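Enquirer: First the structure, which I've put down as structure tokens, then a few questions once you've had a look.
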Amino acid sequence: MNKNYKDTLNLPKTSFGMRANLAQKEPQFLSRWKEMKLYSRIREARLGKPKYTLHDGPPYPTGDLHIGTGMNKILKDIIVRFQTMGDLDAPFIPGWDCHGLPIEHKVMTELASRAQEMTDSQIRQRCRQFALRYVEANRKQFQSLGCIGDWDNPYLTINPRYESAVLKIFKLMVEKGYIYRELKPIHWCFSCRTALAEAELEYRDREDPSIYLHLPLISPIDRLFPGEETGPASILVWTTTPWTLPGNLATAVHPEFQYVLVTYPDPESKQIRRMIVAEGTLERVARETGVAGYSIVGKVPGRELEGLLYRHPWFDKECPVILADYVNLEDGTGCVHTAPGHGQEDYLSGRKYGLEIISPVDGDGAFTDEVTDLAGRNVLEANEMIVERLRGKGLLLSRQTISHSYPHCWRCHQPVIFRATRQWFVSLTNRGLREKALDEVERVRWVPNWGKSRIRAMLERRPDWCISRQRKWGVPIPVFYCRKCGEILLDPGVIENMIRLFEERGSDCWFELSEEDLLPQDVSCSHCGGRKFKKENDIFDVWFESGSSHRAVVMENSELRYPADLYLEGTDQHRGWFQLSLLLAIATTDQAPFRTVLTHGFVVDQKGEKMSKSRGNFISVEGALKKFPADILRLWFSSVDYRKDIGVSLDLIRKISESYRKIRNTFKYCLGNLSDFKPETDRVPLGEMDEIDRWALQEVEELRDRVTRAYQKFEFHKVYREIHNFSVIQMSSFYMDVLKDRLYTYAANGPERRSTQTALWEITSILTRLLAPILVFTAEEVWEYLRSMTDLEESVHLSLWPAEQPEWRDEGLKEKWDRLLLLRAEALKLLEKYRGEGMIGTSLEAGIVVQVADPEWEHLLKEYEDELPKLFIVSEVEVQPVTKGDFDPAAHATELPGIRLLVGRARGEKCARCWKYSPTVGDFRDHPQLCAQCLEQMAIC
RNA sequence: GGGCCUGUAGCUCAGUUGGUUAGAGCACUGUGCUGAUAACGCAGGGGUCAGUGGUUCGAAUCCACUCAGGCCCA
């Protein structure tokens, strides 16, 4: 009789599919979480618990979210969920940075010429719609990524309350004297009469004069260059913008370069002239200017030239030689004409040396009255006249024409000039702000720790912060000017009034209301007593807005703790949000707004190169979500060390799916074998569990410990690796493989099977929670199955982190099992050899004799002799003690000294039920195909 | 050009204060099983530790330079 013994086995049974089908399931989970108000439920569950505040840095709302922005939110989400499961109250308020040029620029491009007929308010309304549209789209994408948070109440920098908080910060800074107004050069389009941002420039080729000119030295140089030579001496400079020469205030040299004094005969005056140029440029300069027959008189490093005075090329005044390390040898003479009102670097040098910032050019690009004989002339048109004037004065050495790339206006395509205008600044020196910031940096924990030196270096050398922009889409700077005398009205009382107005009506009121309506009743000019004012046209730099979030969001929300526990952004924010938040927080509250700053690298392509749309290697959140479910994306981002740059491609993400399936299959196996397990009734107490199951608990407890530490240190790639390796090594290839015999063939309710099920239950329950912050959907899916077996929280995301189980630790047991596993590896290797030779197929066809000459091993193996067949998954194992050197000649040596192995066919016949070979098969009349063990187990049933 | 950072098998990562033959998982190849089966097991191949030059008895590890890449400046 060939009975179907398969029916007598306890085979795994579960509807938990090998195929995840996440594309369908994820939206279902999302809507269920929404229905059950998961986020609020978590808040209620953690009410009164210690707080943990991760303050979200606001991304810019755009049509195509960079996958890196998605990664950033995923990392934040992992942390928030981990802390929440750690029984902390960790709310997450997402935000968006809605003002700023990119949106204004896009809206203006869309509107094109229609913009001219629209009011500022109308244009701002367009910008608002644009921003809100993308906030909405982005919100959906972040939610699809499985990120949890108060998505119904995010913070937007365009919210009235947020805008008023920006003014609160401004007011405090005005009161403390941080705010001042000063000239600064900016890109200016004189045909549109407007300031232009970097993004509004387009570079085109343009022809300009390229001139070398002498700046006559007044200071004696005999001491620097001792020699017989006399005659007029000069510093030679080069420029392609002769019109900026009236604004010249200094000449910059590099402190480290060598400078030479050169003599040459002037072909016109027949005089010997002397001039200073950088040694490294001399040959080229001579070639370009046609200077022949020169000789070098002497050589000094640039720093010794500092302070020499020369005569201004236009006006009757003296100007100094200064030092600057941006001077290069590639073009020019290594001596750089410096006009602080006409260039960025020039401006910084001007600030450094306390030079005046002059810019005798008006909004139409014409010289002002200060440049007497050129007043009213357009600066670019005046170039030639200036060149001729220099020639007349004998200052011009050479004149050529150069074609070079030059900034033009994005709208009218006319060339742009650098022109100094009045701008608003935050002083870094007032009240020692810079030093205070550097002190606070020391109190913050920077992860990785090099973040500290990075931000220190930036703080140490950054100039005062220019906070004004000549745009419309932003928070207006709440200052006024006296219509009568032009005096600035920068007054805390006035600002206080604006704070109130902004809170009620938003910053739009600035554009909608008249000065009279914006100002309190009794305001008059402190200078002339005038009562009519004009409001400021400038708005705040968007960084001033986002840098105010610590107040607008964290301080003003009682749910959150200030200072925040964590800020987490890319390393670009060391200069951006981290630094500017730090400055504003210190200026207004004397402390850093964060305790820990964690940074991640940039998402780059597979080759490690920058992602950009033009290169075609750009991956958007939307694009990634179309190809992969969120859990796969989350697993991928958890698997890499995000502290460095993250090389990503769709192909790489695809590969992580394999690992996902491994983890998923581990769950499937566990759930399948727990289908008839009820923890309340079937659980076996630790002391009564079999050793192999206690070994498993010991292993999972160690895993829990390592994984918890990794989460605490934000090392999610270690979490991933630990869990994956645990699934593969401890579970799949050993424990779960060995277990099959116990689970399938032993009595369903017998002590062995229940012992193992107890371990599987604990492992599944722990593993699910260890993975919940990363695989938010899959963990929930597993949790549902666990919940059907016993009373558990409604969602895994409401559950608590698996507790430490010290009683599961068993060092003695671990040590013994580690050794048994070493022997197992040797046995398996040998079985493979026999399999290769065709002697066996499945390992159950084999029997093994372990010959042991080592007393310690012998003791261990004798103790576990009955366990060994199970561990090796063979049908029988015999342990044979031998005296040293007396091994069977046929026995195979192993890596373990004193141990040799003999492999042969197992004795007896194959049991039709458990498939093991046993001499007892055939002994039983009713079941001639079964072994004794199976008969026994079936009897228990 | 400057500051900070990165560079270990095809991929993702480990490699204590410098110390045997540089490890793991995945992928790959071969193979077994067919009661985890759109699974699972076993075995195997694969690395000039970016390069060069130093320090040292000894360097993936320390130092210098170079190359490639990233972020932020200029």
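By convention here, the chains of the structure tokens are called A, B, ... in the order presented, each chain's residues are numbered starting at 1, and ligands are numbered starting at 1 in the order presented.
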Show me, as a list in words, the residues of chain B whose atoms get within 8 Å of chain A, using only C-alpha atoms (C1' of nucleotides) for the distance check.
Expert: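 Every residue meeting the condition is included here: G1, G3, C4, C5, U6, C11, U12, C13, G25, C26, U31, G32, C33, G35, A36, A38, A39, C40, G41, C42, A43, G69, G70, C71, C72 and A74 of chain B.
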Enquirer: For Glu762 in chain A, work out the shell of residues within 12 Å, counting only C-alpha atoms (C1' of nucleotides) and skipping chain neighbours fewer than 2 positions away, then give it as a VMD selection string.
Expert: chain A and resid 667 670 to 671 674 677 679 683 to 684 686 693 to 694 696 to 701 704 755 to 760 764 to 769 786 802 to 803 805 808
Enquirer: For range 917-924 of chain A, list every protein, DNA or RNA residue within 10 Å, evaluated using only C-alpha atoms (C1' of nucleotides), and leave out those in the same chain fewer than 3 positions away; present the list as a ChimeraX atom specification.
Expert: /A:844-847,874-876,905-912,914,927-935
Enquirer: Would you return as a PDB file with N, CA, C and O atoms, in the first residue's frame the members of range 35-235 of chain A that DSSP assigns to strand (DSSP E) on this structure's backbone?
Expert:
ATOM      1  N   LEU A  54      12.886  66.115  15.137  1.00  0.00           N
ATOM      2  CA  LEU A  54      13.669  66.211  13.910  1.00  0.00           C
ATOM      3  C   LEU A  54      13.002  67.319  13.102  1.00  0.00           C
ATOM      4  O   LEU A  54      11.855  67.177  12.690  1.00  0.00           O
ATOM      5  N   HIS A  55      13.714  68.413  12.923  1.00  0.00           N
ATOM      6  CA  HIS A  55      13.115  69.545  12.213  1.00  0.00           C
ATOM      7  C   HIS A  55      13.428  69.440  10.725  1.00  0.00           C
ATOM      8  O   HIS A  55      14.588  69.441  10.329  1.00  0.00           O
ATOM      9  N   GLY A  95       7.948  70.629   5.677  1.00  0.00           N
ATOM     10  CA  GLY A  95       7.836  72.019   5.243  1.00  0.00           C
ATOM     11  C   GLY A  95       8.280  72.238   3.808  1.00  0.00           C
ATOM     12  O   GLY A  95       8.876  71.354   3.187  1.00  0.00           O
ATOM     13  N   TRP A  96       7.932  73.407   3.273  1.00  0.00           N
ATOM     14  CA  TRP A  96       8.392  73.806   1.940  1.00  0.00           C
ATOM     15  C   TRP A  96       8.854  75.258   1.934  1.00  0.00           C
ATOM     16  O   TRP A  96       8.268  76.107   2.605  1.00  0.00           O
ATOM     17  N   TYR A 155       4.435  73.106   7.176  1.00  0.00           N
ATOM     18  CA  TYR A 155       4.738  74.537   7.266  1.00  0.00           C
ATOM     19  C   TYR A 155       5.197  75.018   5.900  1.00  0.00           C
ATOM     20  O   TYR A 155       5.973  74.360   5.228  1.00  0.00           O
ATOM     21  N   LEU A 156       4.625  76.133   5.499  1.00  0.00           N
ATOM     22  CA  LEU A 156       5.009  76.753   4.230  1.00  0.00           C
ATOM     23  C   LEU A 156       5.561  78.134   4.556  1.00  0.00           C
ATOM     24  O   LEU A 156       4.972  78.851   5.367  1.00  0.00           O
ATOM     25  N   ILE A 179      21.535  94.862  11.919  1.00  0.00           N
ATOM     26  CA  ILE A 179      21.124  95.170  10.555  1.00  0.00           C
ATOM     27  C   ILE A 179      21.666  96.530  10.115  1.00  0.00           C
ATOM     28  O   ILE A 179      21.525  97.522  10.830  1.00  0.00           O
ATOM     29  N   TYR A 180      22.300  96.562   8.955  1.00  0.00           N
ATOM     30  CA  TYR A 180      22.762  97.843   8.431  1.00  0.00           C
ATOM     31  C   TYR A 180      22.622  97.873   6.924  1.00  0.00           C
ATOM     32  O   TYR A 180      22.368  96.844   6.289  1.00  0.00           O
ATOM     33  N   ARG A 181      22.777  99.056   6.344  1.00  0.00           N
ATOM     34  CA  ARG A 181      22.589  99.220   4.916  1.00  0.00           C
ATOM     35  C   ARG A 181      23.864  99.786   4.320  1.00  0.00           C
ATOM     36  O   ARG A 181      24.472 100.692   4.896  1.00  0.00           O
ATOM     37  N   GLU A 182      24.282  99.260   3.186  1.00  0.00           N
ATOM     38  CA  GLU A 182      25.537  99.728   2.601  1.00  0.00           C
ATOM     39  C   GLU A 182      25.576  99.421   1.111  1.00  0.00           C
ATOM     40  O   GLU A 182      24.816  98.591   0.619  1.00  0.00           O
ATOM     41  N   LEU A 183      26.515 100.097   0.439  1.00  0.00           N
ATOM     42  CA  LEU A 183      26.670  99.864  -0.998  1.00  0.00           C
ATOM     43  C   LEU A 183      27.299  98.509  -1.275  1.00  0.00           C
ATOM     44  O   LEU A 183      28.213  98.084  -0.574  1.00  0.00           O
ATOM     45  N   LYS A 184      26.827  97.869  -2.304  1.00  0.00           N
ATOM     46  CA  LYS A 184      27.410  96.598  -2.722  1.00  0.00           C
ATOM     47  C   LYS A 184      27.175  96.440  -4.218  1.00  0.00           C
ATOM     48  O   LYS A 184      26.095  96.765  -4.715  1.00  0.00           O
ATOM     49  N   PRO A 185      28.171  95.955  -4.938  1.00  0.00           N
ATOM     50  CA  PRO A 185      27.969  95.804  -6.379  1.00  0.00           C
ATOM     51  C   PRO A 185      27.100  94.592  -6.704  1.00  0.00           C
ATOM     52  O   PRO A 185      27.251  93.544  -6.096  1.00  0.00           O
ATOM     53  N   ILE A 186      26.215  94.789  -7.654  1.00  0.00           N
ATOM     54  CA  ILE A 186      25.368  93.691  -8.113  1.00  0.00           C
ATOM     55  C   ILE A 186      25.281  93.767  -9.633  1.00  0.00           C
ATOM     56  O   ILE A 186      25.600  94.791 -10.239  1.00  0.00           O
ATOM     57  N   HIS A 187      24.820  92.674 -10.234  1.00  0.00           N
ATOM     58  CA  HIS A 187      24.608  92.701 -11.682  1.00  0.00           C
ATOM     59  C   HIS A 187      23.425  93.606 -11.979  1.00  0.00           C
ATOM     60  O   HIS A 187      22.367  93.498 -11.358  1.00  0.00           O
ATOM     61  N   TRP A 188      23.616  94.494 -12.951  1.00  0.00           N
ATOM     62  CA  TRP A 188      22.585  95.482 -13.232  1.00  0.00           C
ATOM     63  C   TRP A 188      22.371  95.564 -14.737  1.00  0.00           C
ATOM     64  O   TRP A 188      23.326  95.682 -15.508  1.00  0.00           O
ATOM     65  N   CYS A 189      21.103  95.469 -15.141  1.00  0.00           N
ATOM     66  CA  CYS A 189      20.799  95.672 -16.556  1.00  0.00           C
ATOM     67  C   CYS A 189      20.299  97.094 -16.716  1.00  0.00           C
ATOM     68  O   CYS A 189      19.229  97.445 -16.196  1.00  0.00           O
ATOM     69  N   THR A 194      17.159  97.210 -13.920  1.00  0.00           N
ATOM     70  CA  THR A 194      16.848  96.266 -12.838  1.00  0.00           C
ATOM     71  C   THR A 194      18.075  95.469 -12.415  1.00  0.00           C
ATOM     72  O   THR A 194      19.002  95.277 -13.203  1.00  0.00           O
ATOM     73  N   ALA A 195      18.022  95.055 -11.161  1.00  0.00           N
ATOM     74  CA  ALA A 195      19.065  94.165 -10.658  1.00  0.00           C
ATOM     75  C   ALA A 195      18.792  92.760 -11.179  1.00  0.00           C
ATOM     76  O   ALA A 195      17.648  92.379 -11.360  1.00  0.00           O
ATOM     77  N   LEU A 196      19.843  92.029 -11.442  1.00  0.00           N
ATOM     78  CA  LEU A 196      19.676  90.670 -11.934  1.00  0.00           C
ATOM     79  C   LEU A 196      20.375  89.689 -11.009  1.00  0.00           C
ATOM     80  O   LEU A 196      21.453  89.966 -10.493  1.00  0.00           O
ATOM     81  N   LEU A 201      21.259  85.626 -15.634  1.00  0.00           N
ATOM     82  CA  LEU A 201      22.295  86.041 -16.572  1.00  0.00           C
ATOM     83  C   LEU A 201      22.440  84.984 -17.651  1.00  0.00           C
ATOM     84  O   LEU A 201      22.287  83.790 -17.392  1.00  0.00           O
ATOM     85  N   GLU A 202      22.720  85.440 -18.849  1.00  0.00           N
ATOM     86  CA  GLU A 202      23.128  84.481 -19.870  1.00  0.00           C
ATOM     87  C   GLU A 202      24.457  84.977 -20.419  1.00  0.00           C
ATOM     88  O   GLU A 202      24.665  86.175 -20.603  1.00  0.00           O
ATOM     89  N   TYR A 203      25.341  84.044 -20.640  1.00  0.00           N
ATOM     90  CA  TYR A 203      26.674  84.440 -21.078  1.00  0.00           C
ATOM     91  C   TYR A 203      26.780  84.341 -22.598  1.00  0.00           C
ATOM     92  O   TYR A 203      26.450  83.328 -23.186  1.00  0.00           O
ATOM     93  N   ARG A 204      27.209  85.448 -23.204  1.00  0.00           N
ATOM     94  CA  ARG A 204      27.383  85.479 -24.667  1.00  0.00           C
ATOM     95  C   ARG A 204      28.741  86.091 -24.954  1.00  0.00           C
ATOM     96  O   ARG A 204      29.275  86.832 -24.137  1.00  0.00           O
ATOM     97  N   ASP A 205      29.221  85.819 -26.147  1.00  0.00           N
ATOM     98  CA  ASP A 205      30.501  86.426 -26.538  1.00  0.00           C
ATOM     99  C   ASP A 205      30.300  87.900 -26.864  1.00  0.00           C
ATOM    100  O   ASP A 205      29.276  88.294 -27.415  1.00  0.00           O
ATOM    101  N   ARG A 206      31.316  88.686 -26.520  1.00  0.00           N
ATOM    102  CA  ARG A 206      31.218  90.116 -26.759  1.00  0.00           C
ATOM    103  C   ARG A 206      32.630  90.643 -27.007  1.00  0.00           C
ATOM    104  O   ARG A 206      33.592  90.137 -26.436  1.00  0.00           O
ATOM    105  N   GLU A 207      32.747  91.656 -27.851  1.00  0.00           N
ATOM    106  CA  GLU A 207      34.059  92.264 -28.099  1.00  0.00           C
ATOM    107  C   GLU A 207      34.238  93.465 -27.201  1.00  0.00           C
ATOM    108  O   GLU A 207      33.360  94.308 -27.072  1.00  0.00           O
ATOM    109  N   ASP A 208      35.395  93.518 -26.565  1.00  0.00           N
ATOM    110  CA  ASP A 208      35.708  94.630 -25.670  1.00  0.00           C
ATOM    111  C   ASP A 208      37.155  95.016 -25.887  1.00  0.00           C
ATOM    112  O   ASP A 208      37.954  94.213 -26.374  1.00  0.00           O
ATOM    113  N   PRO A 209      37.495  96.270 -25.504  1.00  0.00           N
ATOM    114  CA  PRO A 209      38.906  96.615 -25.535  1.00  0.00           C
ATOM    115  C   PRO A 209      39.675  95.810 -24.488  1.00  0.00           C
ATOM    116  O   PRO A 209      39.122  95.503 -23.436  1.00  0.00           O
ATOM    117  N   SER A 210      40.881  95.437 -24.827  1.00  0.00           N
ATOM    118  CA  SER A 210      41.754  94.772 -23.861  1.00  0.00           C
ATOM    119  C   SER A 210      42.970  95.667 -23.723  1.00  0.00           C
ATOM    120  O   SER A 210      43.763  95.796 -24.658  1.00  0.00           O
ATOM    121  N   ILE A 211      43.077  96.348 -22.594  1.00  0.00           N
ATOM    122  CA  ILE A 211      44.157  97.341 -22.479  1.00  0.00           C
ATOM    123  C   ILE A 211      45.103  97.051 -21.319  1.00  0.00           C
ATOM    124  O   ILE A 211      44.704  96.500 -20.294  1.00  0.00           O
ATOM    125  N   TYR A 212      46.353  97.379 -21.542  1.00  0.00           N
ATOM    126  CA  TYR A 212      47.367  97.368 -20.480  1.00  0.00           C
ATOM    127  C   TYR A 212      47.679  98.820 -20.176  1.00  0.00           C
ATOM    128  O   TYR A 212      47.902  99.619 -21.087  1.00  0.00           O
ATOM    129  N   LEU A 213      47.651  99.182 -18.906  1.00  0.00           N
ATOM    130  CA  LEU A 213      47.971 100.582 -18.602  1.00  0.00           C
ATOM    131  C   LEU A 213      48.885 100.702 -17.398  1.00  0.00           C
ATOM    132  O   LEU A 213      48.915  99.832 -16.523  1.00  0.00           O
ATOM    133  N   HIS A 214      49.624 101.784 -17.405  1.00  0.00           N
ATOM    134  CA  HIS A 214      50.543 102.090 -16.304  1.00  0.00           C
ATOM    135  C   HIS A 214      49.806 102.854 -15.225  1.00  0.00           C
ATOM    136  O   HIS A 214      49.078 103.807 -15.522  1.00  0.00           O
ATOM    137  N   LEU A 215      50.015 102.439 -14.001  1.00  0.00           N
ATOM    138  CA  LEU A 215      49.544 103.230 -12.871  1.00  0.00           C
ATOM    139  C   LEU A 215      50.808 103.802 -12.229  1.00  0.00           C
ATOM    140  O   LEU A 215      51.580 103.050 -11.625  1.00  0.00           O
ATOM    141  N   PRO A 216      51.025 105.106 -12.375  1.00  0.00           N
ATOM    142  CA  PRO A 216      52.302 105.705 -11.943  1.00  0.00           C
ATOM    143  C   PRO A 216      52.499 105.598 -10.437  1.00  0.00           C
ATOM    144  O   PRO A 216      51.616 105.971  -9.670  1.00  0.00           O
ATOM    145  N   ALA A 233      58.285 105.163 -12.762  1.00  0.00           N
ATOM    146  CA  ALA A 233      57.987 103.762 -12.453  1.00  0.00           C
ATOM    147  C   ALA A 233      56.486 103.598 -12.309  1.00  0.00           C
ATOM    148  O   ALA A 233      55.798 104.534 -11.914  1.00  0.00           O
ATOM    149  N   SER A 234      56.015 102.419 -12.660  1.00  0.00           N
ATOM    150  CA  SER A 234      54.572 102.205 -12.599  1.00  0.00           C
ATOM    151  C   SER A 234      54.269 100.743 -12.255  1.00  0.00           C
ATOM    152  O   SER A 234      55.144  99.889 -12.305  1.00  0.00           O
ATOM    153  N   ILE A 235      53.006 100.550 -11.923  1.00  0.00           N
ATOM    154  CA  ILE A 235      52.479  99.182 -11.834  1.00  0.00           C
ATOM    155  C   ILE A 235      51.665  98.978 -13.089  1.00  0.00           C
ATOM    156  O   ILE A 235      50.911  99.862 -13.496  1.00  0.00           O
TER     157      ILE A 235
END
Enquirer: Could you give me, as an NGL selection string, each residue of range 370-601 of chain A that DSSP assigns to alpha helix (DSSP H) when run on this structure's backbone?
Expert: :A and (379-392 or 433-443 or 450-461 or 492-505 or 508-512 or 515-518 or 542-546 or 549 or 577-589)
Enquirer: Excluding Asp676 in chain A and its own-chain neighbours fewer than 4 positions away, which residues fall within 9 Å of it when counting only C-alpha atoms (C1' of nucleotides)? Please give them as a list in words.
Expert: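 After dropping sequence-adjacent residues, the list is Lys13, Gly672, Ala748 and Met789 of chain A.
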Enquirer: Any chance you can output those residues with all heavy atoms as a CSV table (one decimal), in the first residue's frame?
Expert:
chain,number,residue,atom,x,y,z
A,13,LYS,N,2.0,26.7,5.8
A,13,LYS,CA,0.7,27.1,5.2
A,13,LYS,C,0.5,28.6,5.4
A,13,LYS,O,0.5,29.1,6.6
A,13,LYS,CB,-0.4,26.4,5.8
A,13,LYS,CG,-1.7,26.3,5.0
A,13,LYS,CD,-2.7,25.3,5.6
A,13,LYS,CE,-3.3,25.8,6.9
A,13,LYS,NZ,-4.1,24.8,7.6
A,672,GLY,N,4.5,30.7,7.5
A,672,GLY,CA,4.0,29.4,7.0
A,672,GLY,C,4.1,28.4,8.1
A,672,GLY,O,3.2,27.6,8.3
A,748,ALA,N,2.4,17.8,15.6
A,748,ALA,CA,2.1,19.2,15.5
A,748,ALA,C,2.1,19.9,16.9
A,748,ALA,O,2.6,21.0,17.0
A,748,ALA,CB,0.7,19.4,14.9
A,789,MET,N,-2.7,36.1,15.1
A,789,MET,CA,-2.4,35.0,16.1
A,789,MET,C,-2.5,35.5,17.5
A,789,MET,O,-2.7,34.6,18.4
A,789,MET,CB,-0.9,34.6,15.8
A,789,MET,CG,-0.7,34.0,14.5
A,789,MET,SD,1.0,33.6,14.3
A,789,MET,CE,1.3,34.1,12.6
Enquirer: Within 12 Å of range 47-62 of chain B, counting only C-alpha atoms (C1' of nucleotides), which residues show up once you throw out same-chain ones fewer than 5 positions away? Write them as number ranges by chain, please.
Expert: B: 6-10, 15-20, 22-23, 67-69
Enquirer: Which polymer residues have any atom within 12 Å of an atom of Leu770 in chain A, counting only C-alpha atoms (C1' of nucleotides), with same-chain residues fewer than 3 positions away left out, as a VMD selection string?
Expert: chain A and resid 78 81 to 82 85 to 86 700 to 701 703 to 711 716 719 to 720 722 to 724 763 to 767 773 to 776 778 to 780 783 796 to 797 799 to 803
Enquirer: So how many Å separate CA of Val444 in chain A and CA of Trp465 in chain A, to one decimal?
Expert: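 Computing it gives 22.3 Å between the two atoms.
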